[in-house]
file entry26.pdb (PDB, C-alpha atoms)
MODEL        1
ATOM      1  CA  MET A   1      66.313 -28.549  13.856  1.00  0.00           C
ATOM      2  CA  THR A   2      65.992 -26.460  16.913  1.00  0.00           C
ATOM      3  CA  PHE A   3      62.943 -25.507  18.863  1.00  0.00           C
ATOM      4  CA  LEU A   4      62.985 -21.991  17.350  1.00  0.00           C
ATOM      5  CA  ASP A   5      63.095 -23.405  13.818  1.00  0.00           C
ATOM      6  CA  ASN A   6      60.098 -25.599  14.579  1.00  0.00           C
ATOM      7  CA  LEU A   7      58.292 -22.660  16.127  1.00  0.00           C
ATOM      8  CA  ARG A   8      59.109 -20.499  13.086  1.00  0.00           C
ATOM      9  CA  ASN A   9      57.796 -23.209  10.714  1.00  0.00           C
ATOM     10  CA  ILE A  10      54.578 -23.565  12.706  1.00  0.00           C
ATOM     11  CA  PHE A  11      54.151 -19.784  12.716  1.00  0.00           C
ATOM     12  CA  GLN A  12      54.657 -19.660   8.911  1.00  0.00           C
ATOM     13  CA  ILE A  13      52.096 -22.415   8.418  1.00  0.00           C
ATOM     14  CA  PHE A  14      49.535 -20.612  10.580  1.00  0.00           C
ATOM     15  CA  LEU A  15      50.294 -17.319   8.835  1.00  0.00           C
ATOM     16  CA  ALA A  16      49.843 -18.899   5.387  1.00  0.00           C
ATOM     17  CA  LEU A  17      46.654 -20.613   6.517  1.00  0.00           C
ATOM     18  CA  GLY A  18      45.352 -17.331   7.974  1.00  0.00           C
ATOM     19  CA  ILE A  19      46.066 -15.501   4.723  1.00  0.00           C
ATOM     20  CA  VAL A  20      44.271 -18.194   2.708  1.00  0.00           C
ATOM     21  CA  ILE A  21      41.243 -18.023   5.002  1.00  0.00           C
ATOM     22  CA  MET A  22      41.170 -14.207   4.832  1.00  0.00           C
ATOM     23  CA  LEU A  23      41.393 -14.264   1.026  1.00  0.00           C
ATOM     24  CA  PHE A  24      38.618 -16.835   0.847  1.00  0.00           C
ATOM     25  CA  PHE A  25      36.309 -14.657   2.945  1.00  0.00           C
ATOM     26  CA  LEU A  26      37.359 -11.529   1.071  1.00  0.00           C
ATOM     27  CA  PHE A  27      36.272 -12.970  -2.261  1.00  0.00           C
ATOM     28  CA  PHE A  28      33.683 -15.656  -1.590  1.00  0.00           C
ATOM     29  CA  SER A  29      31.821 -14.753   1.591  1.00  0.00           C
ATOM     30  CA  SER A  30      28.356 -13.170   1.615  1.00  0.00           C
ATOM     31  CA  SER A  31      29.975  -9.738   1.945  1.00  0.00           C
ATOM     32  CA  GLY A  32      32.886 -10.464  -0.383  1.00  0.00           C
ATOM     33  CA  VAL A  33      34.076  -8.690  -3.501  1.00  0.00           C
ATOM     34  CA  ILE A  34      32.362 -11.060  -5.936  1.00  0.00           C
ATOM     35  CA  LYS A  35      29.040 -10.828  -4.098  1.00  0.00           C
ATOM     36  CA  LYS A  36      29.314  -7.032  -4.014  1.00  0.00           C
ATOM     37  CA  SER A  37      29.998  -6.908  -7.744  1.00  0.00           C
ATOM     38  CA  ASN A  38      26.987  -9.114  -8.485  1.00  0.00           C
ATOM     39  CA  LEU A  39      24.770  -6.993  -6.244  1.00  0.00           C
ATOM     40  CA  GLU A  40      25.932  -3.792  -7.957  1.00  0.00           C
ATOM     41  CA  LYS A  41      25.048  -5.276 -11.367  1.00  0.00           C
ATOM     42  CA  LYS A  42      21.645  -6.337 -10.079  1.00  0.00           C
ATOM     43  CA  LEU A  43      21.081  -2.867  -8.586  1.00  0.00           C
ATOM     44  CA  TYR A  44      21.963  -1.213 -11.910  1.00  0.00           C
ATOM     45  CA  LYS A  45      19.532  -3.446 -13.824  1.00  0.00           C
ATOM     46  CA  THR A  46      16.817  -2.788 -11.239  1.00  0.00           C
ATOM     47  CA  GLU A  47      17.374   0.977 -11.465  1.00  0.00           C
ATOM     48  CA  GLN A  48      17.124   0.813 -15.269  1.00  0.00           C
ATOM     49  CA  ARG A  49      13.883  -1.165 -14.978  1.00  0.00           C
ATOM     50  CA  LEU A  50      12.553   1.417 -12.518  1.00  0.00           C
ATOM     51  CA  ILE A  51      13.328   4.261 -14.929  1.00  0.00           C
ATOM     52  CA  SER A  52      11.606   2.373 -17.735  1.00  0.00           C
ATOM     53  CA  LEU A  53       8.522   1.760 -15.610  1.00  0.00           C
ATOM     54  CA  GLN A  54       8.422   5.392 -14.474  1.00  0.00           C
ATOM     55  CA  ASN A  55       8.536   6.552 -18.110  1.00  0.00           C
ATOM     56  CA  HIS A  56       5.751   4.125 -18.984  1.00  0.00           C
ATOM     57  CA  LYS A  57       3.675   5.392 -16.053  1.00  0.00           C
ATOM     58  CA  MET A  58       4.186   8.994 -17.172  1.00  0.00           C
ATOM     59  CA  LYS A  59       2.982   8.056 -20.673  1.00  0.00           C
ATOM     60  CA  ILE A  60      -0.104   6.333 -19.269  1.00  0.00           C
ATOM     61  CA  ASP A  61      -0.826   9.298 -16.968  1.00  0.00           C
ATOM     62  CA  LYS A  62      -0.573  11.686 -19.912  1.00  0.00           C
ATOM     63  CA  GLU A  63      -2.932   9.580 -22.007  1.00  0.00           C
ATOM     64  CA  SER A  64      -5.418   9.212 -19.162  1.00  0.00           C
ATOM     65  CA  LYS A  65      -5.445  12.992 -18.662  1.00  0.00           C
ATOM     66  CA  MET A  66      -6.113  13.444 -22.367  1.00  0.00           C
ATOM     67  CA  LEU A  67      -9.103  11.114 -22.051  1.00  0.00           C
ATOM     68  CA  SER A  68     -10.533  12.689 -18.880  1.00  0.00           C
ATOM     69  CA  ARG A  69     -13.779  14.645 -19.149  1.00  0.00           C
ATOM     70  CA  GLU A  70     -12.083  17.975 -18.441  1.00  0.00           C
ATOM     71  CA  ASN A  71      -9.435  17.580 -21.144  1.00  0.00           C
ATOM     72  CA  LEU A  72     -11.153  15.298 -23.636  1.00  0.00           C
ATOM     73  CA  ASP A  73      -9.339  15.493 -26.949  1.00  0.00           C
ATOM     74  CA  LEU A  74     -11.679  14.035 -29.567  1.00  0.00           C
ATOM     75  CA  ASP A  75      -8.920  13.604 -32.128  1.00  0.00           C
ATOM     76  CA  PHE A  76      -6.856  11.619 -29.627  1.00  0.00           C
ATOM     77  CA  LEU A  77      -9.924   9.582 -28.659  1.00  0.00           C
ATOM     78  CA  GLU A  78     -10.639   8.767 -32.294  1.00  0.00           C
ATOM     79  CA  GLU A  79      -7.009   7.862 -32.922  1.00  0.00           C
ATOM     80  CA  GLN A  80      -6.936   5.517 -29.936  1.00  0.00           C
ATOM     81  CA  ALA A  81     -10.224   3.876 -30.970  1.00  0.00           C
ATOM     82  CA  ARG A  82      -8.890   3.318 -34.484  1.00  0.00           C
ATOM     83  CA  ILE A  83      -5.665   1.821 -33.131  1.00  0.00           C
ATOM     84  CA  GLN A  84      -7.321  -0.392 -30.521  1.00  0.00           C
ATOM     85  CA  PHE A  85     -10.172  -1.677 -32.688  1.00  0.00           C
ATOM     86  CA  ASN A  86      -8.627  -1.418 -36.183  1.00  0.00           C
ATOM     87  CA  LEU A  87     -11.412   0.919 -37.312  1.00  0.00           C
ATOM     88  CA  VAL A  88     -11.414   2.539 -40.737  1.00  0.00           C
ATOM     89  CA  GLY A  89     -14.012   4.750 -42.360  1.00  0.00           C
ATOM     90  CA  LYS A  90     -15.861   4.120 -45.681  1.00  0.00           C
ATOM     91  CA  ASN A  91     -13.459   5.969 -47.941  1.00  0.00           C
ATOM     92  CA  GLU A  92     -10.322   5.244 -45.937  1.00  0.00           C
ATOM     93  CA  PHE A  93      -7.641   2.629 -45.932  1.00  0.00           C
ATOM     94  CA  GLN A  94      -5.237   1.669 -43.188  1.00  0.00           C
ATOM     95  CA  ILE A  95      -1.447   1.981 -43.399  1.00  0.00           C
ATOM     96  CA  ASN A  96       0.548   0.474 -40.534  1.00  0.00           C
ATOM     97  CA  LEU A  97       3.938   2.058 -39.941  1.00  0.00           C
ATOM     98  CA  ASP A  98       5.063  -0.277 -37.161  1.00  0.00           C
TER      99      ASP A  98
ENDMDL
END
call {"tool": "encode", "arguments": {"input": "entry26.pdb", "output": "structure tokens"}}
result
Amino acid sequence: MTFLDNLRNIFQIFLALGIVIMLFFLFFSSSGVIKKSNLEKKLYKTEQRLISLQNHKMKIDKESKMLSRENLDLDFLEEQARIQFNLVGKNEFQINLD
């Protein structure tokens, strides 16, 4: 084997080692493909949770406006009292549809 053959073999080994190291960092480092994919999934779930919480907040805001002094809806107030405290009148019976 000549000096150039040895040099070529060493170069190929370093090249292969460099490629392996680059692939490792590409997939498994903190900024790698797998980490990015996991973060995107987590972001999607967090966004869905945010939308759910925003919808819940809007529902609560609507109900609180209906119970404010300016917009007091007596039918809504009665309905909520019946639901919360399981109230029924003398000649009434309760049917749960849940």
call {"tool": "residues_around", "arguments": {"input": "entry26.pdb", "residues": "Ile95 in chain A", "least_positions_apart": "3", "cutoff": "12 Å", "atoms": "only C-alpha atoms", "output": "JSON, numbers by chain"}}
result
{"A": [82, 83, 86, 87, 88, 92, 98]}
call {"tool": "closest_atom_pairs", "arguments": {"input": "entry26.pdb", "of": "range 8-65 of chain A", "to": "range 70-81 of chain A", "cutoff": "10 Å", "atoms": "all atoms listed in the file", "output": "Markdown table"}}
result
| residue | atom | partner | partner_atom | distance |
| --- | --- | --- | --- | --- |
| A:Glu63 | CA | A:Phe76 | CA | 8.8 |
| A:Ser64 | CA | A:Leu72 | CA | 9.5 |
| A:Lys65 | CA | A:Asn71 | CA | 6.6 |
call {"tool": "atom_distance", "arguments": {"input": "entry26.pdb", "atom1": "CA of Ile60 in chain A", "atom2": "CA of Gly89 in chain A"}}
result
27.0 Å
call {"tool": "atom_distance", "arguments": {"input": "entry26.pdb", "atom1": "CA of Val20 in chain A", "atom2": "CA of Asn6 in chain A"}}
result
21.1 Å
call {"tool": "atom_distance", "arguments": {"input": "entry26.pdb", "atom1": "CA of Leu23 in chain A", "atom2": "CA of Tyr44 in chain A"}}
result
26.7 Å
call {"tool": "decode", "arguments": {"input": "entry26.pdb", "residues": "range 65-89 of chain A", "atoms": "N, CA and C atoms", "output": "compact mmCIF listing (two decimals), in the first residue's frame"}}
result
# COMPACT_ATOMS: atom_id res chain seq x y z
N LYS A 65 -72.84 37.97 31.91
CA LYS A 65 -73.57 39.14 31.42
C LYS A 65 -75.07 38.96 31.60
N MET A 66 -75.54 37.71 31.40
CA MET A 66 -76.96 37.45 31.56
C MET A 66 -77.39 37.57 33.02
N LEU A 67 -76.45 37.41 33.94
CA LEU A 67 -76.77 37.50 35.35
C LEU A 67 -76.43 38.87 35.96
N SER A 68 -75.91 39.79 35.15
CA SER A 68 -75.59 41.12 35.67
C SER A 68 -76.89 41.90 35.90
N ARG A 69 -76.82 42.90 36.74
CA ARG A 69 -78.02 43.68 37.09
C ARG A 69 -78.66 44.33 35.87
N GLU A 70 -77.84 44.79 34.93
CA GLU A 70 -78.39 45.49 33.76
C GLU A 70 -79.14 44.54 32.83
N ASN A 71 -78.70 43.31 32.74
CA ASN A 71 -79.28 42.36 31.78
C ASN A 71 -79.90 41.15 32.46
N LEU A 72 -80.36 41.29 33.67
CA LEU A 72 -80.82 40.14 34.44
C LEU A 72 -81.99 39.46 33.73
N ASP A 73 -81.78 38.21 33.39
CA ASP A 73 -82.81 37.39 32.75
C ASP A 73 -83.33 36.44 33.82
N LEU A 74 -84.54 36.68 34.29
CA LEU A 74 -85.08 35.90 35.40
C LEU A 74 -85.28 34.44 35.03
N ASP A 75 -85.65 34.18 33.80
CA ASP A 75 -85.81 32.79 33.36
C ASP A 75 -84.47 32.06 33.42
N PHE A 76 -83.43 32.72 32.95
CA PHE A 76 -82.08 32.12 32.99
C PHE A 76 -81.63 31.92 34.43
N LEU A 77 -81.92 32.90 35.29
CA LEU A 77 -81.55 32.81 36.70
C LEU A 77 -82.26 31.62 37.36
N GLU A 78 -83.54 31.48 37.08
CA GLU A 78 -84.30 30.36 37.63
C GLU A 78 -83.75 29.02 37.12
N GLU A 79 -83.48 28.98 35.84
CA GLU A 79 -82.93 27.75 35.24
C GLU A 79 -81.61 27.35 35.90
N GLN A 80 -80.74 28.33 36.08
CA GLN A 80 -79.44 28.05 36.69
C GLN A 80 -79.60 27.61 38.15
N ALA A 81 -80.52 28.24 38.88
CA ALA A 81 -80.76 27.85 40.27
C ALA A 81 -81.28 26.42 40.34
N ARG A 82 -82.19 26.08 39.44
CA ARG A 82 -82.73 24.71 39.41
C ARG A 82 -81.62 23.70 39.09
N ILE A 83 -80.77 24.04 38.15
CA ILE A 83 -79.68 23.12 37.78
C ILE A 83 -78.69 22.97 38.92
N GLN A 84 -78.26 24.10 39.49
CA GLN A 84 -77.22 24.07 40.52
C GLN A 84 -77.70 23.41 41.81
N PHE A 85 -78.95 23.65 42.19
CA PHE A 85 -79.43 23.19 43.49
C PHE A 85 -80.49 22.10 43.40
N ASN A 86 -80.70 21.57 42.20
CA ASN A 86 -81.69 20.50 41.98
C ASN A 86 -83.06 20.88 42.55
N LEU A 87 -83.51 22.08 42.24
CA LEU A 87 -84.79 22.57 42.77
C LEU A 87 -85.93 22.17 41.84
N VAL A 88 -87.02 21.75 42.43
CA VAL A 88 -88.25 21.49 41.68
C VAL A 88 -89.43 22.07 42.47
N GLY A 89 -90.42 22.53 41.73
CA GLY A 89 -91.61 23.09 42.38
C GLY A 89 -92.54 22.00 42.90
